[in-house]
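S.K.: Structure in structure tokens, see below.
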Amino acid sequence: MEATLEQLERKKKKEEKAREKELKKLKAAQKEAKFKVHLQSKKKSRQDEEEKVGEEEIFRDPPTPSGQKKILSALMPKNYNPSSVEKCWYDWWEASGFFVANASSSKPPFVILLPPPNVTGNLHLGHALTAAIQDTMIRWKRMSGFNALWVPGLDHAGIATQVVVEKKLMHESHLTRHDLGREKFVSEVWKWKHEHGGNILKQLRRLGASLDWSRECFTMDEQRSKAVIEEFVRLYKEGLIYRDLRLVNWDCTLRTAISDDEVDKIDIKERKFLNIPGYNKQVEFGVLTSFAYPLEGGLGEILVSTTRVETILGDTAIAVHPDDERYGHLHGKFAIHPFNGRKLPIICDAILVDPGFGTGAVKITPAHDPEDFKAGKRHNLEFIDIFTDDGKINDNGGAEFSGMPRFQAREAVKEALKKKGLYRGAENNEMRLGLCSRSNDVVEPMLKPQWFVNCNDLAKKALKAATVGENPTLEFIPKQFLAEWKRWLGNIRDWCISRQLWWGHRIPAWYVTLEDDAEKDFGVYNDHWVVGRNVEEALAEASQKFSGKKFDISQDPDVLDTWFSSGLFPLAALGWPDDTGDLRAFYPTSVLETGHDILFFWVARMVMLGIQLGGDVPFRKVFLHPMVRDAHGRKMSKSLGNVIDPLEVIDGISLEGLHKRLEEGNLDKKELVVAKAGQKQDFPNGIAECGTDALRFALVSYTAQSDKINLDIQRVVGYRQWCNKLWNAVRFAMSKFDSDYTVSALDSYELSDAASTVYSWWQYQFCDIFIESIKPYFAGDDIAFASESSAQDTLWVCLDSGLRLLHPFMPFVTEELWQRLPPARGHTRKESIMTSEYPSAAEAWRNEEVEYEMNLVESTVKCLRLLRAEVLEEQKNKRLPAFAFCKMRADAEILRSRNFEILTLAKNLSSIQVLLSGKDAPSTGCAFENVNESLAVYLKAEGKVNVEVELVKMRNRLDEIQKQQEKLERKINASGYKEKVPLEIQDKDAEKLTKLFQEMELFKKESERLEAENL
């Protein structure tokens, strides 16, 4: 009887469990059905509304008057459209004064300066990267409560602008600047600047750059010109600027000295012919020509070699190594120049001559070679300049060659040597050739009187600012560039600041010609110069210096190097030399962000001049971004067809459009063919419309790469698609807010990591977890509706905070979506997302217990999804039962209480049964995945599980754990570990080792179970 009662009791309990199970299934089915009805109801009401108003009207944004806040459509469009989203917002931001900083504000300042782009420039990816990084910084700081100032400016770009206008004159009027004269030509440049200059600043608006346009400046406007003149005068009076005859990089086409950064170095491996401006025939390079110099007194000849045989006309000596026995008998002797009979001393120079290279004898042309110039100074040799400013042989080169272009003279000299029987042949020679980046002409070392800045003391101060003390006043990000800073400043050369141009800041120096001077030519006497802020000051200075003498003064026709004015930009942009409110409030600035390629040409000069003239470093941090390359790592080049216009990425362009851009350029036919082929390979379907937000986010996310960004446009396309996902996530959320709903109550500059973190939250927390978790709460049953209000509140907080987190990276789409959020009850909402507060951690919201629970749920779901992907193809759409095997009772209770969330998120599960170690056992015929050292999950597969595959998977994991365990044990058992390693780290290591042992035990048991099952 007892047995029968027990059987009945068991049967009764079994039936109750079965009824509970069926009831749960029924409720779940009801919930799902109600959810579908709920969605259909929403959809139906939406369709009804669309029919009433008209789809085009409710989805399309109404026209917005210029400068006013964007008028949004009645309902959110079904899909994200970047061109629609990004219009109107910027004009409203600017018109509303959101970008303007206040010099009287009590907020802490955060100041950055836009590296002033060339007035001739157009947007390229380097500019886009700079704008994306800087705008992310400034929007973040502005939202974080700082008095944020981002100053825009334009550089007059001396050579580049003059070349553009000269080409325009020649094309339209067949006139040179010399035909017009200086005054009229400069007037033409200003005219061009007002009509066409600054296009790049308009393009920066397309990128969402929130610059303070009220402070826009130009390096040649009245205030900046005043600053540059003051800069020159002060440095001259402090003894830091001087005039001297030195060797400079000379461009014979532009007829001016150029800086090192304007010289492109190309490597030539062997004999090669190149197109050079001004020559009908290609010019030969990569050849070492040998010839003999006859020795005085019939002693024979001495053999020398050169890659520039035309410079023989300026030779003034021949050098040999003092220890070279071959030439010991010639020390102090002379060679005879074959064309003019000049006697050339044979000198000993251990610095210049390598006895193992070539013949061991070196011709010296002090006026046309940097190393020969130094040798000429060491040995007091004659300096003979043989070229005119436009690159022709002058009278010093001899009547036979006078007036010849230098490369024509090269061939003529070679032929003349052959006639004299002195030519000894030519051979291939690897060399590096310098070409001017503006004219593509071969740079010629020329001896010219120029103005220089003595950089020794300035460099020491700049070096000290970054290296002295525990917290130097100047910090580099990344830190690796500090080593280059030290290397360059430790070996600095004086800076040539004069240029033989007409467009630029004219040097405020006047040459004084005395009535009794023996020579009246301009600039003959180096001590006849005076410096002043204007002609009146110069006259007063001359009267004092040459008291009692009659004189005339003439201003130096040269202009200052563009870097001389841009090097002053942090001070000049804020009003220096005047004592302005901006200068007091915002100097020194906070961060300089720029490309690492101009670390020395611009950054170092700003630091040197800022310390000297402003009394402090011009910025506290230097953030140097990588250089943008194509997806293959190649430098952007028009001839390769891989140059990408950021606006073409934003708006999209067809392959035909890309080809058309190339055709409108100046590529020759062969280069055009190669470039088109490159475009066809990289962009077979053109470039899809990506929008500004996607481009910005992609560029910022790339900054974690070292010194180069290999930009793959498909990654930008991926972020464009992600914008669509973001749009649809918010669109779904908006459908869950009733019409009357109201809410109830970046410092380490690792921008790529910040972007990745925000992206991960949106993608993997909000979209994948939260959105999916709350869907059932809107299904319509009593339980769901009871939780709907809380879900709405949490949803609103997530959207509001998440959009504010994302705004500095993606300003347009976040503004549009944020503006669509329902208003918050209880506080006044800011007018724009960009003036709202940037989210910060709220400790009161922190709940470690709930976080642990959800982390456990997420980890479990992740493993279940992995298992689901492993099952047979025909079972992928079937709902399968799952099991969670727990070693800890607390974890088992959590998973049971979160059963609903696990089933919702894991998808395609019929059930999840929680088993407790020591009481239950996993079912047979299951695929296995380990969650952590105390939790495993199983998926019941229909049919037999491939045990061998599962065993291999487990053995691999066991091997991995074994290696981790052994590595950790070696660390713990190492000599000095207990004495040197902090206790908290020792505790963490011990805890990690324990977990590895536990995880290994779990895998071993599972392996044993599977092996037994396989028998």
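Labeling convention for the structure tokens: chains A, B, ... as they appear, residues from 1 per chain, ligands from 1 in order of appearance.
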Could you pull out the residues in range 668-917 of chain A that DSSP calls strand (DSSP E or B) from the backbone, as a short mmCIF file (atom, residue, chain, number, x, y, z; two decimals) with N, CA and C atoms, in the first residue's frame?
M.R.:
```
data_model
loop_
_atom_site.label_atom_id
_atom_site.label_comp_id
_atom_site.auth_asym_id
_atom_site.auth_seq_id
_atom_site.Cartn_x
_atom_site.Cartn_y
_atom_site.Cartn_z
N PRO A 684 36.23 48.99 -57.96
CA PRO A 684 35.58 48.52 -59.20
C PRO A 684 34.17 49.05 -59.35
N GLY A 686 33.21 51.98 -57.86
CA GLY A 686 33.25 53.34 -57.34
C GLY A 686 33.29 53.31 -55.82
N ILE A 687 32.91 54.42 -55.21
CA ILE A 687 32.87 54.52 -53.75
C ILE A 687 31.43 54.82 -53.34
N LYS A 708 51.47 55.01 -39.52
CA LYS A 708 50.78 55.02 -40.81
C LYS A 708 49.38 54.45 -40.65
N ILE A 709 48.46 55.01 -41.41
CA ILE A 709 47.09 54.51 -41.47
C ILE A 709 46.87 53.93 -42.86
N ASN A 710 46.67 52.63 -42.93
CA ASN A 710 46.35 51.99 -44.22
C ASN A 710 44.83 51.98 -44.36
N VAL A 743 10.16 61.12 -19.08
CA VAL A 743 11.08 60.32 -18.29
C VAL A 743 10.85 60.52 -16.80
N ALA A 824 12.48 65.27 -21.43
CA ALA A 824 12.64 64.74 -20.08
C ALA A 824 11.85 65.59 -19.11
N LEU A 880 16.19 23.89 -29.77
CA LEU A 880 16.80 22.75 -29.09
C LEU A 880 16.90 23.01 -27.59
N PRO A 881 16.82 21.95 -26.79
CA PRO A 881 16.96 22.12 -25.33
C PRO A 881 18.43 22.34 -24.96
N ALA A 882 18.65 23.15 -23.91
CA ALA A 882 20.00 23.41 -23.43
C ALA A 882 20.08 23.14 -21.94
N PHE A 883 21.30 22.93 -21.46
CA PHE A 883 21.56 22.68 -20.04
C PHE A 883 22.71 23.56 -19.58
N ALA A 884 22.60 24.05 -18.34
CA ALA A 884 23.71 24.78 -17.71
C ALA A 884 24.16 23.97 -16.51
N PHE A 885 25.42 23.55 -16.48
CA PHE A 885 25.95 22.68 -15.42
C PHE A 885 26.82 23.54 -14.51
N CYS A 886 26.36 23.80 -13.28
CA CYS A 886 27.01 24.73 -12.36
C CYS A 886 27.70 24.00 -11.21
N LEU A 909 16.22 28.32 -28.65
CA LEU A 909 16.28 27.31 -27.60
C LEU A 909 14.84 27.00 -27.17
N SER A 910 14.58 25.71 -26.97
CA SER A 910 13.25 25.33 -26.49
C SER A 910 13.18 25.44 -24.98
N SER A 911 14.34 25.26 -24.31
CA SER A 911 14.38 25.36 -22.86
C SER A 911 15.83 25.46 -22.41
N ILE A 912 16.01 25.89 -21.15
CA ILE A 912 17.32 25.89 -20.53
C ILE A 912 17.17 25.31 -19.13
N GLN A 913 17.74 24.15 -18.89
CA GLN A 913 17.64 23.48 -17.59
C GLN A 913 18.95 23.69 -16.83
N VAL A 914 18.86 24.16 -15.60
CA VAL A 914 20.04 24.43 -14.79
C VAL A 914 20.33 23.23 -13.90
N LEU A 915 21.52 22.66 -14.00
CA LEU A 915 21.94 21.49 -13.25
C LEU A 915 23.01 21.89 -12.23
N LEU A 916 22.99 21.22 -11.10
CA LEU A 916 23.92 21.54 -10.03
C LEU A 916 24.91 20.40 -9.84
#
```
S.K.: Determine, counting only C-alpha atoms, which protein, DNA and RNA residues have an atom within 9 Å of an atom of Gly376 in chain A; residues of the same chain fewer than 4 positions away are not included. Present the result as a ChimeraX atom specification.
M.R.: /A:316-317,364-367,371-372,380-383
S.K.: Can I get the selected residues back with C-alpha atoms, as a PDB file, in the first residue's frame?
M.R.:
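The new file out25.pdb reads:
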```pdb
ATOM      1  CA  THR A 316      88.658  75.457 -57.018  1.00  0.00           C
ATOM      2  CA  ALA A 317      90.609  72.496 -55.552  1.00  0.00           C
ATOM      3  CA  ILE A 364      85.784  70.491 -54.875  1.00  0.00           C
ATOM      4  CA  THR A 365      83.138  73.020 -55.944  1.00  0.00           C
ATOM      5  CA  PRO A 366      82.603  75.075 -52.754  1.00  0.00           C
ATOM      6  CA  ALA A 367      79.823  77.256 -54.187  1.00  0.00           C
ATOM      7  CA  GLU A 371      80.144  69.081 -48.309  1.00  0.00           C
ATOM      8  CA  ASP A 372      82.446  71.015 -50.642  1.00  0.00           C
ATOM      9  CA  ASN A 380      89.955  78.947 -47.192  1.00  0.00           C
ATOM     10  CA  LEU A 381      89.266  78.100 -50.835  1.00  0.00           C
ATOM     11  CA  GLU A 382      87.811  80.387 -53.488  1.00  0.00           C
ATOM     12  CA  PHE A 383      84.009  80.217 -53.888  1.00  0.00           C
TER      13      PHE A 383
END
```
S.K.: Excluding Glu901 in chain A and any residue of its chain fewer than 4 positions from it, enumerate the residues within 12 Å of it, using only C-alpha atoms, and give them as a PyMOL selection string.
M.R.: chain A and resi 769-777+853-854+856-858+860-861+894-897+905-907+909+911-912
S.K.: Create the file for the chosen residues now, containing N, CA and C atoms and written as an mmCIF file, in the first residue's frame.
M.R.:
```cif
data_model
loop_
_atom_site.group_PDB
_atom_site.id
_atom_site.type_symbol
_atom_site.label_atom_id
_atom_site.label_comp_id
_atom_site.auth_asym_id
_atom_site.auth_seq_id
_atom_site.Cartn_x
_atom_site.Cartn_y
_atom_site.Cartn_z
ATOM 1 N N ILE A 769 22.065 43.166 -26.532
ATOM 2 C CA ILE A 769 21.574 42.685 -25.235
ATOM 3 C C ILE A 769 20.309 43.404 -24.798
ATOM 4 N N PHE A 770 20.424 44.729 -24.602
ATOM 5 C CA PHE A 770 19.301 45.437 -23.993
ATOM 6 C C PHE A 770 18.066 45.467 -24.884
ATOM 7 N N ILE A 771 18.257 45.854 -26.149
ATOM 8 C CA ILE A 771 17.106 45.927 -27.060
ATOM 9 C C ILE A 771 16.413 44.576 -27.168
ATOM 10 N N GLU A 772 17.206 43.513 -27.324
ATOM 11 C CA GLU A 772 16.621 42.178 -27.445
ATOM 12 C C GLU A 772 15.936 41.761 -26.148
ATOM 13 N N SER A 773 16.514 42.162 -25.003
ATOM 14 C CA SER A 773 15.950 41.750 -23.713
ATOM 15 C C SER A 773 14.608 42.396 -23.429
ATOM 16 N N ILE A 774 14.430 43.645 -23.894
ATOM 17 C CA ILE A 774 13.202 44.352 -23.524
ATOM 18 C C ILE A 774 12.043 44.099 -24.476
ATOM 19 N N LYS A 775 12.308 43.503 -25.625
ATOM 20 C CA LYS A 775 11.234 43.291 -26.591
ATOM 21 C C LYS A 775 10.031 42.567 -25.976
ATOM 22 N N PRO A 776 10.248 41.493 -25.187
ATOM 23 C CA PRO A 776 9.081 40.806 -24.608
ATOM 24 C C PRO A 776 8.276 41.670 -23.653
ATOM 25 N N TYR A 777 8.923 42.700 -23.044
ATOM 26 C CA TYR A 777 8.192 43.530 -22.101
ATOM 27 C C TYR A 777 7.130 44.384 -22.780
ATOM 28 N N GLU A 853 25.526 39.321 -12.220
ATOM 29 C CA GLU A 853 24.473 38.458 -12.762
ATOM 30 C C GLU A 853 24.403 38.573 -14.284
ATOM 31 N N MET A 854 24.413 39.835 -14.786
ATOM 32 C CA MET A 854 24.268 40.020 -16.231
ATOM 33 C C MET A 854 25.519 39.572 -16.988
ATOM 34 N N LEU A 856 27.301 37.063 -16.108
ATOM 35 C CA LEU A 856 27.165 35.608 -16.147
ATOM 36 C C LEU A 856 26.160 35.203 -17.228
ATOM 37 N N VAL A 857 25.066 35.951 -17.312
ATOM 38 C CA VAL A 857 24.053 35.675 -18.335
ATOM 39 C C VAL A 857 24.643 35.866 -19.738
ATOM 40 N N GLU A 858 25.354 36.977 -19.944
ATOM 41 C CA GLU A 858 25.938 37.261 -21.253
ATOM 42 C C GLU A 858 26.951 36.185 -21.651
ATOM 43 N N THR A 860 27.042 33.103 -20.628
ATOM 44 C CA THR A 860 26.299 31.877 -20.898
ATOM 45 C C THR A 860 25.653 31.930 -22.279
ATOM 46 N N VAL A 861 25.031 33.054 -22.596
ATOM 47 C CA VAL A 861 24.379 33.234 -23.894
ATOM 48 C C VAL A 861 25.391 33.141 -25.027
ATOM 49 N N ILE A 894 21.221 32.146 -9.929
ATOM 50 C CA ILE A 894 21.185 33.296 -10.844
ATOM 51 C C ILE A 894 20.629 32.882 -12.197
ATOM 52 N N LEU A 895 21.140 31.780 -12.738
ATOM 53 C CA LEU A 895 20.706 31.346 -14.060
ATOM 54 C C LEU A 895 19.239 30.954 -14.073
ATOM 55 N N ARG A 896 18.771 30.344 -12.967
ATOM 56 C CA ARG A 896 17.339 29.986 -12.901
ATOM 57 C C ARG A 896 16.484 31.247 -12.869
ATOM 58 N N SER A 897 16.949 32.251 -12.115
ATOM 59 C CA SER A 897 16.164 33.487 -12.014
ATOM 60 C C SER A 897 16.207 34.284 -13.321
ATOM 61 N N LEU A 905 17.688 35.918 -25.300
ATOM 62 C CA LEU A 905 18.918 36.342 -25.968
ATOM 63 C C LEU A 905 19.582 35.220 -26.759
ATOM 64 N N ALA A 906 19.517 34.000 -26.233
ATOM 65 C CA ALA A 906 20.200 32.894 -26.906
ATOM 66 C C ALA A 906 19.506 32.513 -28.202
ATOM 67 N N LYS A 907 18.180 32.663 -28.241
ATOM 68 C CA LYS A 907 17.364 32.379 -29.426
ATOM 69 C C LYS A 907 17.440 30.905 -29.833
ATOM 70 N N LEU A 909 16.216 28.324 -28.653
ATOM 71 C CA LEU A 909 16.276 27.308 -27.598
ATOM 72 C C LEU A 909 14.839 26.997 -27.175
ATOM 73 N N SER A 911 14.340 25.265 -24.315
ATOM 74 C CA SER A 911 14.378 25.358 -22.857
ATOM 75 C C SER A 911 15.826 25.457 -22.406
ATOM 76 N N ILE A 912 16.006 25.889 -21.153
ATOM 77 C CA ILE A 912 17.325 25.890 -20.531
ATOM 78 C C ILE A 912 17.165 25.313 -19.130
#
```
S.K.: According to DSSP computed on the backbone, where in range 122-336 of chain A is there alpha helix (DSSP H)? Give the residues as a ChimeraX atom specification.
M.R.: /A:125-143,158-173,177-180,182-196,199-206,222-237
S.K.: Applying 9 Å and only C-alpha atoms, which residues near Phe522 in chain A remain after dropping the ones on its own chain fewer than 4 positions away? List them as a PyMOL selection string.
M.R.: chain A and resi 511-513+554
S.K.: Using only C-alpha atoms, which of A:Glu94, A:Asp389, A:Asp753, A:Glu195 sits nearest Lys69 in chain A?
M.R.: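 Among the listed residues, the smallest separation from Lys69 in chain A belongs to A:Glu94.
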S.K.: Mind checking which residues fall within 9 Å of Ile138 in chain A, counting only C-alpha atoms, ignoring those fewer than 5 positions away in the same chain, and posting them as a count of residues only?
M.R.: 11
S.K.: With only C-alpha atoms as the basis for distance, which of A:Ser84, A:Ser66, A:Gln792, A:Gln679 is at the shortest distance from Val813 in chain A?
M.R.: A:Ser84
S.K.: Considering only C-alpha atoms, return as a list in words whatever protein or nucleic-acid residues lie within 9 Å of range 482-495 of chain A, sequence-local ones (same chain, fewer than 3 positions apart) excluded.
M.R.: Ser259, Trp451, Phe452, Val453, Asn454, Cys455, Asn456, Ala459, Lys460, Ala462, Leu463, Ala466, Thr467, Glu475, Phe476, Ile477, Pro478, Lys479, Leu599, Phe600 and Ala604 of chain A
S.K.: Output the selection as a tab-separated table (two decimals), in the first residue's frame - N, CA and C atoms for each residue.
M.R.:
```tsv
chain	number	residue	atom	x	y	z
A	259	SER	N	62.93	75.61	-48.52
A	259	SER	CA	63.30	74.90	-47.29
A	259	SER	C	63.45	73.41	-47.55
A	451	TRP	N	68.99	85.68	-44.88
A	451	TRP	CA	68.76	85.94	-43.44
A	451	TRP	C	68.58	84.60	-42.74
A	452	PHE	N	69.21	84.47	-41.58
A	452	PHE	CA	69.18	83.23	-40.82
A	452	PHE	C	68.79	83.50	-39.37
A	453	VAL	N	68.18	82.47	-38.74
A	453	VAL	CA	67.93	82.48	-37.30
A	453	VAL	C	68.94	81.55	-36.63
A	454	ASN	N	69.65	82.07	-35.65
A	454	ASN	CA	70.56	81.25	-34.86
A	454	ASN	C	69.72	80.41	-33.90
A	455	CYS	N	69.70	79.10	-34.11
A	455	CYS	CA	68.77	78.23	-33.37
A	455	CYS	C	69.39	77.53	-32.15
A	456	ASN	N	70.65	77.73	-31.87
A	456	ASN	CA	71.30	76.96	-30.81
A	456	ASN	C	70.62	77.11	-29.45
A	459	ALA	N	66.90	76.04	-29.46
A	459	ALA	CA	66.74	74.58	-29.44
A	459	ALA	C	66.95	74.02	-28.05
A	460	LYS	N	67.93	74.55	-27.32
A	460	LYS	CA	68.20	74.08	-25.96
A	460	LYS	C	66.98	74.29	-25.05
A	462	ALA	N	63.83	74.55	-26.06
A	462	ALA	CA	62.76	73.64	-26.52
A	462	ALA	C	63.03	72.22	-26.06
A	463	LEU	N	64.27	71.83	-26.05
A	463	LEU	CA	64.65	70.49	-25.58
A	463	LEU	C	64.40	70.35	-24.08
A	466	ALA	N	60.80	69.68	-22.81
A	466	ALA	CA	60.23	68.33	-22.97
A	466	ALA	C	60.98	67.26	-22.18
A	467	THR	N	62.09	67.62	-21.55
A	467	THR	CA	62.92	66.58	-20.94
A	467	THR	C	63.28	66.80	-19.48
A	475	GLU	N	54.60	67.64	-23.39
A	475	GLU	CA	54.45	66.18	-23.43
A	475	GLU	C	54.12	65.72	-24.85
A	476	PHE	N	54.72	64.61	-25.27
A	476	PHE	CA	54.47	64.06	-26.60
A	476	PHE	C	53.59	62.82	-26.52
A	477	ILE	N	52.62	62.76	-27.42
A	477	ILE	CA	51.74	61.59	-27.54
A	477	ILE	C	51.72	61.19	-29.01
A	478	PRO	N	52.22	60.00	-29.38
A	478	PRO	CA	52.84	58.97	-28.54
A	478	PRO	C	54.23	59.40	-28.05
A	479	LYS	N	54.67	58.78	-26.98
A	479	LYS	CA	55.94	59.16	-26.35
A	479	LYS	C	57.15	58.86	-27.22
A	599	LEU	N	56.91	67.53	-37.51
A	599	LEU	CA	57.36	67.69	-36.13
A	599	LEU	C	58.44	68.75	-36.01
A	600	PHE	N	59.34	68.81	-36.97
A	600	PHE	CA	60.46	69.74	-36.88
A	600	PHE	C	60.23	71.02	-37.66
A	604	ALA	N	58.56	72.18	-33.83
A	604	ALA	CA	59.75	72.64	-33.12
A	604	ALA	C	59.89	74.15	-33.20
```
S.K.: Might you pull out every residue within 7 Å of Asp61 in chain A, with only C-alpha atoms counted and same-chain residues fewer than 5 positions away left off, and present them as a PyMOL selection string?
M.R.: chain A and resi 71-73
S.K.: Tell me, in Å to one decimal, how far CA of Arg499 in chain A is from CA of Leu539 in chain A.
M.R.: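 Separation between CA of Arg499 in chain A and CA of Leu539 in chain A: 23.9 Å.
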S.K.: Taking only C-alpha atoms into account, which of A:Val309, A:Leu207, A:Val233, A:Ala841 comes nearest Val530 in chain A?
M.R.: A:Val233
S.K.: Between CA of Ala542 in chain A and CA of Ser225 in chain A, measure the distance and give it in Å to one decimal.
M.R.: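 Between these atoms lies a distance of 23.3 Å.
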